[in-house]
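Undergrad: So here's run_13.txt, just compact mmCIF, C-alpha atoms:
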# COMPACT_ATOMS: atom_id res chain seq x y z
CA MET G 386 -30.98 18.29 36.34
CA SER G 387 -27.92 16.09 36.76
CA ARG G 388 -25.76 15.35 33.78
CA SER G 389 -23.57 12.37 33.06
CA PRO G 390 -19.86 13.18 32.71
CA PHE G 391 -18.63 13.47 29.15
CA PRO G 392 -16.86 10.20 28.25
CA ASN G 393 -13.10 10.19 27.75
CA HIS G 394 -13.21 7.53 25.05
CA PRO G 395 -15.68 6.49 22.33
CA PRO G 396 -17.86 3.47 23.12
CA LEU G 397 -16.50 0.08 22.16
CA ALA G 398 -18.37 -2.16 19.77
CA THR G 399 -20.02 -5.10 21.50
CA SER G 400 -19.15 -7.50 18.69
CA THR G 401 -17.11 -7.74 15.52
CA ARG G 402 -18.37 -9.04 12.21
CA ALA G 403 -16.61 -11.91 10.52
CA TRP G 404 -14.62 -10.70 7.52
CA GLN G 405 -13.34 -12.71 4.61
CA PHE G 406 -10.62 -11.67 2.21
CA PRO G 407 -12.06 -11.51 -1.33
CA GLU G 408 -11.71 -14.54 -3.57
CA HIS G 409 -8.92 -14.37 -6.11
CA ALA G 410 -7.19 -16.47 -8.75
CA ARG G 411 -3.54 -17.46 -8.50
CA TRP G 412 -1.18 -19.14 -10.96
CA THR G 413 2.47 -19.27 -12.00
CA LEU G 414 3.87 -18.68 -15.48
CA PRO G 415 6.41 -21.16 -16.91
CA ASN G 416 9.19 -18.61 -16.29
CA GLY G 417 8.42 -18.63 -12.54
CA LEU G 418 6.46 -15.37 -12.29
CA GLU G 419 3.62 -15.65 -9.76
CA VAL G 420 0.35 -13.96 -10.74
CA VAL G 421 -2.67 -13.03 -8.59
CA ALA G 422 -5.88 -11.56 -10.02
CA LEU G 423 -8.61 -10.28 -7.69
CA PRO G 424 -11.88 -8.94 -9.13
CA SER G 425 -13.33 -5.95 -7.20
CA ARG G 426 -15.90 -4.11 -9.25
CA ARG G 427 -16.89 -1.27 -6.93
CA LEU G 428 -15.13 1.22 -9.21
CA PRO G 429 -14.27 1.15 -12.95
CA ALA G 430 -10.54 0.99 -12.18
CA VAL G 431 -7.68 -1.48 -11.94
CA ARG G 432 -4.42 -1.51 -10.04
CA LEU G 433 -1.50 -3.45 -11.52
CA ARG G 434 1.61 -4.11 -9.45
CA LEU G 435 4.82 -5.97 -10.29
CA ALA G 436 7.02 -6.64 -7.26
CA SER G 437 10.43 -8.34 -7.15
CA LEU G 438 12.58 -9.53 -4.28
CA GLY G 439 15.57 -7.28 -3.76
CA GLY G 440 15.41 -3.84 -2.16
CA LEU G 441 17.55 -1.54 -0.10
CA ALA G 442 19.21 -4.49 1.65
CA TRP G 443 20.72 -5.43 -1.75
CA GLU G 444 23.05 -2.46 -1.32
CA ALA G 445 24.94 -4.35 1.40
CA THR G 446 26.62 -6.40 -1.34
CA GLY G 447 25.83 -4.17 -4.32
CA VAL G 448 26.41 -0.45 -4.80
CA ARG G 449 25.23 2.00 -2.15
CA GLY G 450 22.55 4.29 -3.53
CA ALA G 451 21.89 2.26 -6.69
CA ALA G 452 18.59 0.77 -5.48
CA SER G 453 17.09 4.07 -4.39
CA LEU G 454 18.18 5.88 -7.57
CA ALA G 455 16.79 3.06 -9.71
CA GLY G 456 13.47 3.62 -7.99
CA THR G 457 13.33 7.37 -8.49
CA THR G 458 14.56 7.24 -12.10
CA THR G 459 12.26 4.45 -13.31
CA ARG G 460 9.48 6.89 -14.24
CA HIS G 461 11.75 8.85 -16.60
CA GLY G 462 11.59 6.55 -19.59
CA ALA G 463 10.70 2.98 -20.52
CA GLY G 464 10.60 0.97 -23.71
CA ALA G 465 10.45 3.28 -26.72
CA ARG G 466 9.11 6.27 -24.72
CA ASP G 467 11.24 8.98 -23.16
CA SER G 468 10.23 10.72 -19.94
CA ALA G 469 7.84 13.24 -21.53
CA GLU G 470 6.26 10.67 -23.83
CA LEU G 471 5.75 8.23 -20.96
CA ALA G 472 4.11 10.89 -18.79
CA ALA G 473 1.81 11.92 -21.64
CA HIS G 474 0.88 8.28 -22.34
CA LEU G 475 -0.04 7.66 -18.70
CA ASP G 476 -2.11 10.85 -18.68
CA ASP G 477 -3.99 9.63 -21.75
CA LEU G 478 -4.84 6.44 -19.84
CA GLY G 479 -5.93 8.35 -16.74
CA ALA G 480 -3.21 6.40 -14.96
CA ARG G 481 -1.14 7.04 -11.85
CA LEU G 482 2.34 5.56 -11.48
CA ARG G 483 3.93 4.58 -8.19
CA VAL G 484 7.37 3.08 -7.57
CA GLY G 485 7.96 1.42 -4.19
CA LEU G 486 11.16 0.32 -2.47
CA SER G 487 11.47 -1.51 0.85
CA ASN G 488 14.35 -3.31 2.51
CA ASP G 489 13.39 -6.54 0.79
CA ASP G 490 11.55 -5.74 -2.45
CA HIS G 491 10.83 -3.11 -5.03
CA SER G 492 7.73 -2.63 -7.13
CA VAL G 493 6.10 -0.65 -9.91
CA SER G 494 2.34 0.00 -9.77
CA ILE G 495 -0.12 1.57 -12.19
CA HIS G 496 -3.66 2.60 -11.25
CA ALA G 497 -5.82 3.18 -14.33
CA LEU G 498 -9.38 3.17 -15.63
CA SER G 499 -10.42 -0.41 -16.33
CA GLU G 500 -11.27 0.42 -19.95
CA HIS G 501 -7.52 0.94 -20.42
CA THR G 502 -6.38 -2.28 -18.72
CA GLY G 503 -4.57 -3.56 -21.82
CA PRO G 504 -2.50 -0.42 -22.53
CA ALA G 505 -1.83 0.05 -18.81
CA PHE G 506 -0.51 -3.52 -18.59
CA ALA G 507 1.79 -2.88 -21.56
CA ALA G 508 3.09 0.29 -19.89
CA LEU G 509 3.71 -1.61 -16.64
CA ALA G 510 5.72 -4.25 -18.51
CA ASP G 511 7.85 -1.54 -20.12
CA LEU G 512 8.45 0.22 -16.79
CA ALA G 513 9.33 -2.97 -14.92
CA LEU G 514 11.36 -4.75 -17.61
CA ARG G 515 12.67 -2.02 -19.90
CA PRO G 516 13.36 1.19 -17.97
CA THR G 517 15.92 3.34 -19.76
CA PHE G 518 17.42 5.25 -16.79
CA PRO G 519 18.51 8.19 -18.99
CA ASP G 520 21.71 9.89 -17.87
CA ASP G 521 20.25 13.40 -17.66
CA HIS G 522 17.34 12.37 -15.44
CA LEU G 523 19.61 10.15 -13.35
CA ALA G 524 21.86 13.16 -12.74
CA ARG G 525 18.87 15.24 -11.58
CA GLU G 526 17.56 12.49 -9.29
CA ARG G 527 21.06 12.00 -7.88
CA ALA G 528 21.36 15.73 -7.13
CA LYS G 529 17.94 15.69 -5.42
CA ALA G 530 18.97 12.67 -3.33
CA ILE G 531 22.20 14.36 -2.24
CA GLU G 532 20.29 17.48 -1.20
CA ALA G 533 17.71 15.35 0.64
CA ARG G 534 20.52 13.62 2.52
CA ARG G 535 21.83 16.99 3.71
CA HIS G 536 18.37 18.07 4.84
CA ARG G 537 17.86 14.74 6.61
CA ARG G 538 20.64 15.55 9.06
CA ALA G 539 18.62 18.62 10.11
CA ASN G 540 15.59 16.44 10.94
CA PRO G 541 15.84 15.18 14.54
CA ARG G 542 13.29 12.38 14.05
CA ALA G 543 15.14 11.11 10.99
CA LEU G 544 18.46 11.29 12.84
CA ALA G 545 17.05 9.29 15.74
CA GLY G 546 15.72 6.63 13.37
CA ASP G 547 18.98 6.37 11.44
CA TRP G 548 21.14 5.98 14.54
CA LEU G 549 18.73 3.52 16.16
CA GLY G 550 18.69 1.26 13.10
CA LEU G 551 22.47 1.09 13.17
CA ARG G 552 22.57 0.19 16.86
CA LEU G 553 19.82 -2.42 16.54
CA TYR G 554 21.05 -4.32 13.49
CA GLY G 555 24.80 -3.86 13.55
CA ALA G 556 26.36 -5.32 10.39
CA HIS G 557 23.07 -6.81 9.12
CA PRO G 558 21.83 -5.24 5.84
CA TYR G 559 18.81 -3.80 7.67
CA GLY G 560 21.29 -1.71 9.64
CA LEU G 561 23.04 -0.11 6.69
CA PRO G 562 24.18 3.44 7.44
CA PRO G 563 22.30 6.06 5.43
CA THR G 564 23.84 6.62 2.02
CA THR G 565 26.35 9.46 2.09
CA GLU G 566 26.65 12.27 -0.42
CA ASP G 567 29.90 10.79 -1.74
CA GLU G 568 28.32 7.35 -2.22
CA LEU G 569 25.39 8.85 -4.11
CA ALA G 570 27.73 10.92 -6.28
CA ALA G 571 29.51 7.73 -7.36
CA VAL G 572 26.34 6.04 -8.68
CA GLY G 573 26.10 6.08 -12.46
CA ARG G 574 23.84 4.44 -15.00
CA ALA G 575 25.93 1.24 -15.01
CA GLU G 576 25.37 0.76 -11.27
CA VAL G 577 21.62 1.37 -11.56
CA LEU G 578 21.40 -1.09 -14.46
CA ARG G 579 23.27 -3.67 -12.39
CA PHE G 580 20.67 -3.43 -9.62
CA HIS G 581 17.85 -3.78 -12.14
CA ARG G 582 19.53 -6.72 -13.90
CA GLU G 583 20.23 -8.64 -10.70
CA VAL G 584 16.89 -8.29 -8.96
CA ARG G 585 14.23 -7.74 -11.63
CA VAL G 586 13.77 -11.34 -12.76
CA PRO G 587 10.62 -13.50 -13.07
CA GLN G 588 11.68 -16.10 -10.50
CA GLY G 589 11.10 -14.19 -7.28
CA SER G 590 8.58 -11.71 -8.69
CA LEU G 591 4.83 -11.27 -8.23
CA LEU G 592 2.24 -9.65 -10.48
CA VAL G 593 -0.87 -8.46 -8.65
CA ALA G 594 -3.95 -7.25 -10.54
CA VAL G 595 -6.98 -6.02 -8.57
CA GLY G 596 -10.10 -4.12 -9.58
CA ASP G 597 -12.69 -4.18 -12.34
CA LEU G 598 -11.18 -7.09 -14.24
CA ASP G 599 -11.63 -10.62 -15.49
CA PRO G 600 -8.89 -13.01 -14.28
CA GLU G 601 -8.81 -14.61 -17.74
CA GLN G 602 -8.04 -11.21 -19.27
CA ILE G 603 -5.11 -10.86 -16.85
CA ARG G 604 -3.96 -14.39 -17.70
CA ALA G 605 -3.82 -13.48 -21.39
CA LEU G 606 -2.08 -10.13 -20.78
CA ALA G 607 0.50 -11.72 -18.47
CA ALA G 608 1.34 -14.36 -21.07
CA GLN G 609 1.53 -11.73 -23.83
CA HIS G 610 3.68 -9.14 -22.05
CA LEU G 611 5.59 -11.15 -19.42
CA GLY G 612 5.63 -14.72 -20.72
CA ASP G 613 8.96 -14.32 -22.56
CA TRP G 614 10.65 -12.60 -19.61
CA THR G 615 13.77 -14.52 -18.55
CA GLY G 616 16.60 -14.21 -16.08
CA ALA G 617 17.85 -15.65 -12.81
CA SER G 618 18.37 -13.60 -9.68
CA ALA G 619 21.91 -12.80 -8.61
CA ALA G 620 20.74 -11.13 -5.40
CA ALA G 621 21.57 -13.01 -2.20
CA GLU G 622 19.07 -13.39 0.62
CA ALA G 623 19.91 -11.35 3.72
CA PRO G 624 21.80 -13.21 6.46
CA ALA G 625 20.25 -14.04 9.81
CA PRO G 626 19.74 -10.96 12.00
CA PRO G 627 21.69 -10.45 15.22
CA GLU G 628 20.19 -12.14 18.25
CA ASP G 629 21.26 -9.51 20.77
CA THR G 630 22.14 -5.83 20.76
CA GLY G 631 24.42 -6.03 23.80
CA PRO G 632 24.12 -4.04 27.04
CA ARG G 633 22.15 -0.81 26.81
CA ARG G 634 24.03 2.21 25.49
CA VAL G 635 22.86 5.74 24.77
CA VAL G 636 23.58 7.57 21.52
CA LEU G 637 23.39 11.30 22.21
CA VAL G 638 23.23 13.42 19.05
CA HIS G 639 24.12 17.04 19.75
CA ARG G 640 21.93 19.80 18.33
CA PRO G 641 23.23 22.94 20.05
CA GLY G 642 20.52 25.10 21.57
CA ALA G 643 17.66 22.70 20.82
CA GLU G 644 14.88 23.07 23.38
CA GLN G 645 13.26 19.76 22.41
CA ALA G 646 14.61 16.25 22.78
CA VAL G 647 13.66 13.42 20.44
CA ILE G 648 13.94 10.04 22.16
CA SER G 649 13.84 6.59 20.54
CA VAL G 650 14.28 3.24 22.27
CA GLY G 651 14.43 0.04 20.23
CA MET G 652 14.44 -3.72 20.59
CA LEU G 653 14.85 -6.49 18.04
CA ALA G 654 11.54 -8.22 17.39
CA LEU G 655 10.16 -10.86 15.01
CA PRO G 656 9.94 -11.28 11.24
CA ARG G 657 6.38 -10.99 9.94
CA ARG G 658 6.10 -14.71 9.19
CA HIS G 659 6.89 -15.74 12.79
CA PRO G 660 3.99 -17.60 14.46
CA ASP G 661 4.14 -15.25 17.48
CA PHE G 662 3.98 -12.06 15.42
CA LEU G 663 0.27 -11.41 16.07
CA ALA G 664 0.81 -11.83 19.81
CA ALA G 665 3.58 -9.24 19.52
CA ARG G 666 1.24 -6.95 17.57
CA LEU G 667 -1.39 -7.22 20.30
CA MET G 668 1.24 -6.51 22.94
CA ASN G 669 2.40 -3.46 21.01
CA GLN G 670 -1.18 -2.20 20.73
CA VAL G 671 -1.54 -2.30 24.52
CA LEU G 672 1.83 -0.65 25.04
CA GLY G 673 1.72 2.22 22.59
CA GLY G 674 -0.02 1.41 19.32
CA ALA G 675 -2.66 4.15 19.54
CA ALA G 676 -3.80 7.17 21.53
CA ALA G 677 -5.73 4.91 23.94
CA SER G 678 -2.62 2.85 24.71
CA ARG G 679 -0.55 2.99 27.88
CA LEU G 680 2.30 5.22 26.73
CA PHE G 681 0.11 7.97 25.25
CA THR G 682 -2.41 7.85 28.09
CA ASP G 683 0.30 8.19 30.75
CA LEU G 684 2.97 10.42 29.22
CA ARG G 685 0.62 12.68 27.24
CA GLU G 686 -2.74 12.74 28.98
CA ARG G 687 -1.83 12.19 32.62
CA ARG G 688 1.64 13.73 32.91
CA GLY G 689 1.65 16.19 30.01
CA LEU G 690 5.28 15.42 29.17
CA THR G 691 4.87 15.19 25.40
CA TYR G 692 2.42 15.74 22.57
CA GLY G 693 2.56 12.03 21.86
CA CYS G 694 4.39 8.83 22.76
CA TYR G 695 3.90 5.71 20.70
CA SER G 696 5.39 2.30 20.07
CA SER G 697 5.57 0.65 16.66
CA LEU G 698 6.17 -2.95 15.65
CA ASN G 699 7.69 -3.59 12.24
CA GLY G 700 8.00 -7.11 10.88
CA GLU G 701 10.38 -7.42 7.92
CA ARG G 702 11.16 -10.50 5.83
CA HIS G 703 14.09 -11.59 8.00
CA ALA G 704 13.77 -9.65 11.26
CA GLY G 705 11.77 -6.98 13.00
CA GLU G 706 11.97 -4.21 15.54
CA LEU G 707 9.87 -2.69 18.32
CA VAL G 708 10.49 1.05 18.71
CA VAL G 709 9.19 3.53 21.28
CA SER G 710 9.51 7.18 20.32
CA LEU G 711 8.56 10.57 21.73
CA SER G 712 9.49 14.24 21.68
CA CYS G 713 9.57 16.39 24.79
CA SER G 714 11.25 19.44 26.24
CA ALA G 715 14.78 18.85 27.45
CA ASN G 716 13.57 19.62 30.99
CA ASN G 717 11.11 16.70 30.81
CA ALA G 718 13.50 14.15 29.31
CA ALA G 719 14.48 12.57 32.63
CA GLU G 720 10.87 11.95 33.70
CA ALA G 721 9.89 10.81 30.21
CA LEU G 722 12.67 8.20 30.09
CA GLU G 723 11.79 7.02 33.59
CA ALA G 724 8.14 6.58 32.61
CA LEU G 725 8.99 4.92 29.29
CA PHE G 726 11.20 2.28 30.85
CA GLY G 727 8.65 1.78 33.61
CA HIS G 728 6.06 0.79 31.02
CA LEU G 729 8.49 -1.57 29.32
CA GLU G 730 9.14 -3.30 32.64
CA ARG G 731 5.44 -3.45 33.46
CA ILE G 732 4.28 -5.09 30.23
CA ARG G 733 6.92 -7.83 30.56
CA SER G 734 6.13 -8.40 34.25
CA GLU G 735 2.32 -8.37 34.56
CA LEU G 736 -0.63 -9.94 32.80
CA VAL G 737 -2.62 -7.35 30.86
CA PRO G 738 -6.09 -7.00 32.44
CA GLU G 739 -8.75 -8.59 30.24
CA PRO G 740 -10.76 -5.38 29.58
CA GLU G 741 -7.60 -3.61 28.38
CA LEU G 742 -6.57 -6.59 26.27
CA ASP G 743 -10.04 -6.86 24.77
CA ALA G 744 -10.06 -3.16 23.84
CA ALA G 745 -6.72 -3.54 22.06
CA ARG G 746 -7.89 -6.68 20.29
CA ARG G 747 -11.11 -5.02 19.12
CA TYR G 748 -9.16 -2.06 17.78
CA LEU G 749 -6.93 -4.27 15.67
CA VAL G 750 -9.77 -6.48 14.44
CA GLY G 751 -12.01 -3.52 13.64
CA ALA G 752 -9.34 -1.51 11.85
CA PHE G 753 -8.02 -4.34 9.70
CA PRO G 754 -10.77 -4.47 7.03
CA LEU G 755 -10.16 -0.78 6.35
CA ALA G 756 -6.85 -1.81 4.78
CA ALA G 757 -8.79 -3.77 2.16
CA MET G 758 -11.29 -1.06 1.19
CA SER G 759 -9.13 0.36 -1.61
CA LEU G 760 -7.50 -1.29 -4.59
CA ARG G 761 -4.15 -0.14 -3.27
CA GLY G 762 -4.89 -1.78 0.09
CA LEU G 763 -5.93 -5.08 -1.48
CA SER G 764 -2.82 -5.06 -3.65
CA GLY G 765 -0.67 -4.31 -0.61
CA LEU G 766 -2.07 -7.22 1.39
CA LEU G 767 -1.49 -9.66 -1.46
CA ARG G 768 2.05 -8.38 -1.88
CA ALA G 769 2.71 -8.63 1.88
CA ALA G 770 1.53 -12.25 2.04
CA TRP G 771 3.87 -13.11 -0.86
CA LEU G 772 6.85 -11.17 0.49
CA HIS G 773 6.63 -12.68 3.97
CA GLY G 774 5.64 -16.20 2.95
CA LEU G 775 2.32 -16.11 4.82
CA PRO G 776 -0.08 -19.02 4.35
CA GLU G 777 -3.05 -18.86 2.00
CA GLY G 778 -6.06 -17.61 3.95
CA CYS G 779 -3.96 -15.63 6.44
CA TRP G 780 -6.00 -12.43 6.06
CA SER G 781 -9.35 -14.18 6.48
CA ALA G 782 -8.01 -15.84 9.64
CA TYR G 783 -6.57 -12.59 11.06
CA ALA G 784 -9.52 -11.79 13.37
CA SER G 785 -9.94 -15.32 14.70
CA GLU G 786 -6.21 -15.66 15.38
CA LEU G 787 -6.20 -12.39 17.32
CA GLY G 788 -9.34 -13.48 19.16
CA GLY G 789 -7.63 -16.65 20.32
CA LEU G 790 -4.72 -14.85 21.99
CA THR G 791 -4.66 -14.69 25.78
CA ALA G 792 -3.06 -12.40 28.32
CA ASP G 793 -0.47 -15.10 28.94
CA ASP G 794 0.40 -15.20 25.22
CA VAL G 795 1.02 -11.45 25.36
CA LEU G 796 3.10 -11.74 28.52
CA GLN G 797 5.26 -14.51 27.09
CA VAL G 798 6.02 -12.63 23.87
CA ALA G 799 6.75 -9.47 25.87
CA ARG G 800 9.23 -11.37 28.02
CA ARG G 801 10.85 -12.74 24.89
CA LEU G 802 11.21 -9.40 23.09
CA ILE G 803 11.44 -6.67 25.71
CA HIS G 804 14.73 -6.44 27.58
CA PRO G 805 15.05 -2.85 28.79
CA ASP G 806 18.61 -3.34 30.03
CA ARG G 807 19.69 -4.26 26.46
CA ALA G 808 17.62 -1.75 24.49
CA PRO G 809 19.68 0.92 22.71
CA VAL G 810 18.57 4.49 23.34
CA VAL G 811 18.96 7.44 20.97
CA VAL G 812 18.45 11.01 22.17
CA VAL G 813 18.66 13.96 19.77
CA GLY G 814 18.88 17.39 21.40
CA ASP G 815 21.22 19.75 23.21
CA ALA G 816 23.82 17.32 24.53
CA ASP G 817 25.12 19.76 27.13
CA ALA G 818 21.67 19.89 28.74
CA LEU G 819 20.91 16.17 28.32
CA GLU G 820 24.16 14.30 28.96
CA ALA G 821 23.68 13.87 32.71
CA THR G 822 20.15 12.52 32.16
CA CYS G 823 21.35 10.13 29.47
CA ALA G 824 24.20 8.83 31.62
CA ARG G 825 21.64 7.36 34.06
CA TRP G 826 20.64 4.86 31.38
CA GLY G 827 24.01 3.60 30.21
CA PRO G 828 27.33 4.59 28.68
CA VAL G 829 26.90 7.63 26.44
CA GLU G 830 28.42 8.03 22.98
CA ARG G 831 28.14 11.61 21.80
CA HIS G 832 27.93 12.63 18.14
CA ALA G 833 27.46 15.86 16.22
CA SER G 834 24.19 16.19 14.31
CA ASP G 835 26.04 17.04 11.08
CA GLN G 836 28.08 13.84 11.34
CA PRO G 837 26.71 11.01 9.14
CA PRO G 838 25.42 8.13 11.29
CA HIS G 839 27.92 5.29 11.35
CA ARG G 840 28.59 2.00 13.11
Please go through the file and, once you have read it, give me the structure as structure tokens.
TA:
Amino acid sequence: MSRSPFPNHPPLATSTRAWQFPEHARWTLPNGLEVVALPSRRLPAVRLRLASLGGLAWEATGVRGAASLAGTTTRHGAGARDSAELAAHLDDLGARLRVGLSNDDHSVSIHALSEHTGPAFAALADLALRPTFPDDHLARERAKAIEARRHRRANPRALAGDWLGLRLYGAHPYGLPPTTEDELAAVGRAEVLRFHREVRVPQGSLLVAVGDLDPEQIRALAAQHLGDWTGASAAAEAPAPPEDTGPRRVVLVHRPGAEQAVISVGMLALPRRHPDFLAARLMNQVLGGAAASRLFTDLRERRGLTYGCYSSLNGERHAGELVVSLSCSANNAAEALEALFGHLERIRSELVPEPELDAARRYLVGAFPLAAMSLRGLSGLLRAAWLHGLPEGCWSAYASELGGLTADDVLQVARRLIHPDRAPVVVVGDADALEATCARWGPVERHASDQPPHR
């Protein structure tokens, strides 16, 4: 009896269901604070999030290390409660606390049982508006950050990312060198309070409440706990990003005796709000966004050069980057780089065949609703739309906008973004074994792995 060959890939769906982002209420308090309340009653829980513009990029004009230490120390006391009392109070509420920090914003979130929405809201207001940043806990968080910085220089993937960011963004705040041990050691409570004072203000902040809630309850709680909040931001918006990274150069970071090479290649891309961002996302999906994409299929499955090769597209508030990364043995680095740049040239030179484009489109459309299945996901999408200035209804229109993109749209955005001869390359590995290979792709600047990345 003959048997059909076992398929290499799962079957594709023949159609996608229309998906609508859940209805939600939106208003602005007199002090400028924006509020969004989204009822989702699948679970007896709520997620409250207060986000403010001003993140790691603030450190370009502020104090290096102050933003990150403000984030890690927030949980150690707020309002009238010290660290232990705050932790016990959150436990009593069945609540989880999360502090987030990106290049462009920072946030405090509480996930709690909906029966405790009122006390959880009061705790969120204390954490966001009245953190105490006690000296003893700040000292411990500072020591942990210094130790983490030392360990980071032993992580080849982290090293590659740090060096690539510097070469992509230059003097732009997104390209800040990683904070050094000396910079962290100089951060005290006054510097952390300055960050909090300058960026945690109602004008330029968003409160998101999702879960088992009544929007009118959130309206009353917001007025009670945040209505008297005042202050004007002193944080400056980031300047325009660089338009060009210059001719391709190779940063070779020496890790003596390393058998593996970590390779990252980057290109400046688009901010998330750019009208061509979804075309760039579709292009990235074809190139290396998943295990069925070109880079993984060729370098991993066909050639066996690496355990994985992917591309990622990141859209920030003011800029973005497209990064291709892989790890391979030093002996395979030459072939891996040749194949990687071959795929970059191909996607900017040829129309993507319709079956391949359709598979990538279906993947993105099908995966997107998964981001909205949790309260955290819903909160994150609302925060992202606010942070990036996306239009109302953007998430409901996501599938139709992707569906309207053509192979020519993808080709045009690839030609705009992908310039292999101007894409900085970072290779982390044994420089003695890799230098000749790297020199084929441009002038090589060699650095020791224990040397802090710098411009």
Undergrad: Measuring between all atoms listed in the file, which one of G:Leu423, G:Ala757, G:Val484, G:Val798 shows the shortest distance to Pro660 (chain G)?
TA: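 Checking each candidate against Pro660 (chain G), we get G:Val798 as the closest.
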Undergrad: Would you write out, as a tab-separated table, a table of all residues in region 666-715 of chain G that have an atom no more than 9 Å from an atom of region 726-738 of chain G, listing for each the closest atom pair and the distance in Å to one decimal, considering only C-alpha atoms and ordering rows by chain and rising residue number?
TA:
residue	atom	partner	partner_atom	distance
G:Met668	CA	G:Ile732	CA	8.0
G:Val671	CA	G:Val737	CA	8.2
G:Leu672	CA	G:Ile732	CA	7.3
G:Arg679	CA	G:His728	CA	7.6
G:Leu680	CA	G:His728	CA	7.2
Undergrad: Near Gly689 (chain G), within 10 Å and counting all atoms listed in the file, which residues show up once chain neighbours fewer than 6 positions away are dropped, as a PyMOL selection string?
TA: chain G and resi 681-683+713+717+721
Undergrad: Counting all atoms listed in the file, what is within 6 Å of Arg634 (chain G), bar same-chain residues fewer than 4 positions away, as a ChimeraX atom specification?
TA: /G:809,827-828
Undergrad: From the list G:Ala792, G:Ala539, G:Cys823, G:Ala530, which residue is nearest Thr564 (chain G) when using all atoms listed in the file?
TA: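 Counting all atoms listed in the file, the residue closest to Thr564 (chain G) is G:Ala530.
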Undergrad: Check the smallest atom-to-atom distance from each of G:Val635, G:Leu684, G:Leu509, G:Leu667 to Thr822 (chain G) using all atoms listed in the file, then report the winner.
TA: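 When distances to Thr822 (chain G) are compared using all atoms listed in the file, the smallest one comes from G:Val635.
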Undergrad: Counting only C-alpha atoms, what are the residues of region 461-530 of chain G within 7 Å of region 592-616 of chain G, and for each of them which pair of atoms is the nearest and at what distance in Å, to one decimal? Sort the table by chain and rising number, as a Markdown table.
TA:
| residue | atom | partner | partner_atom | distance |
| --- | --- | --- | --- | --- |
| G:Ser499 | CA | G:Asp597 | CA | 5.9 |
| G:Ala507 | CA | G:His610 | CA | 6.6 |
| G:Ala510 | CA | G:His610 | CA | 6.4 |
Undergrad: Enter the distance from CA of Pro563 (chain G) to CA of His839 (chain G), in Å, rounded to one decimal.
TA: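 Those two atoms sit 8.2 Å apart.
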Undergrad: Report the closest atom pair, with its distance in Å rounded to one decimal, for each residue of region 563-599 of chain G that has an atom no farther than 6 Å from region 439-452 of chain G; count only C-alpha atoms, sort by chain and then rising residue number, and write it as a Markdown table.
TA:
| residue | atom | partner | partner_atom | distance |
| --- | --- | --- | --- | --- |
| G:Leu569 | CA | G:Gly450 | CA | 5.4 |
| G:Glu576 | CA | G:Ala451 | CA | 5.9 |
| G:Val577 | CA | G:Ala451 | CA | 5.0 |
| G:Val584 | CA | G:Gly439 | CA | 5.5 |
Undergrad: Up to 12 Å from (13.8, 13.3, 15.4) in the file's coordinates: name the residues, counting all atoms listed in the file, as an NGL selection string.
TA: :G and (537-549 or 637-640 or 643 or 645-649 or 710-713 or 811-814 or 834)
Undergrad: Just give me the gap between CA of Gly700 (chain G) and CA of Asp661 (chain G) in Å, one decimal is fine.
TA: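 The value is 11.2 Å.
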Undergrad: CA of Ser494 (chain G) and CA of Arg427 (chain G), how far apart in Å?
TA: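 Distance between the two atoms: 19.5 Å.
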Undergrad: At a cut-off of 12 Å, using all atoms listed in the file, what residues contact Glu566 (chain G)? Leave out same-chain residues fewer than 5 positions from it and give the result as a ChimeraX atom specification.
TA: /G:449-450,527-538,571-572,836-837
Undergrad: Using only C-alpha atoms, which protein or nucleic acid residues come within 8 Å of Ala623 (chain G)? Drop anything in the same chain fewer than 5 positions from it, and give the result as a PyMOL selection string.
TA: chain G and resi 442+557-558+703
Undergrad: From the list G:Leu796, G:Ala664, G:Leu433, G:Ala524, which residue is nearest Arg746 (chain G) when using all atoms listed in the file?
TA: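 Counting all atoms listed in the file, the residue closest to Arg746 (chain G) is G:Ala664.
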Undergrad: Extract, using only C-alpha atoms, all DNA, RNA and protein residues at most 7 Å from His522 (chain G), discarding same-chain residues fewer than 3 positions from it, and format them as an NGL selection string.
TA: :G and (458 or 461 or 519 or 525-526)
Undergrad: Taking all atoms listed in the file into account, name the residue in G:Ala469, G:Ala436, G:Leu512, G:Leu428 that is nearest to Leu498 (chain G).
TA: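 Result for the nearest residue to Leu498 (chain G): G:Leu428.
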Undergrad: Using only C-alpha atoms, which residue out of G:Cys694, G:Val650, G:Leu478, G:Val493 lies closest to Pro805 (chain G)?
TA: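 With only C-alpha atoms as the atom set, the closest residue is G:Val650.
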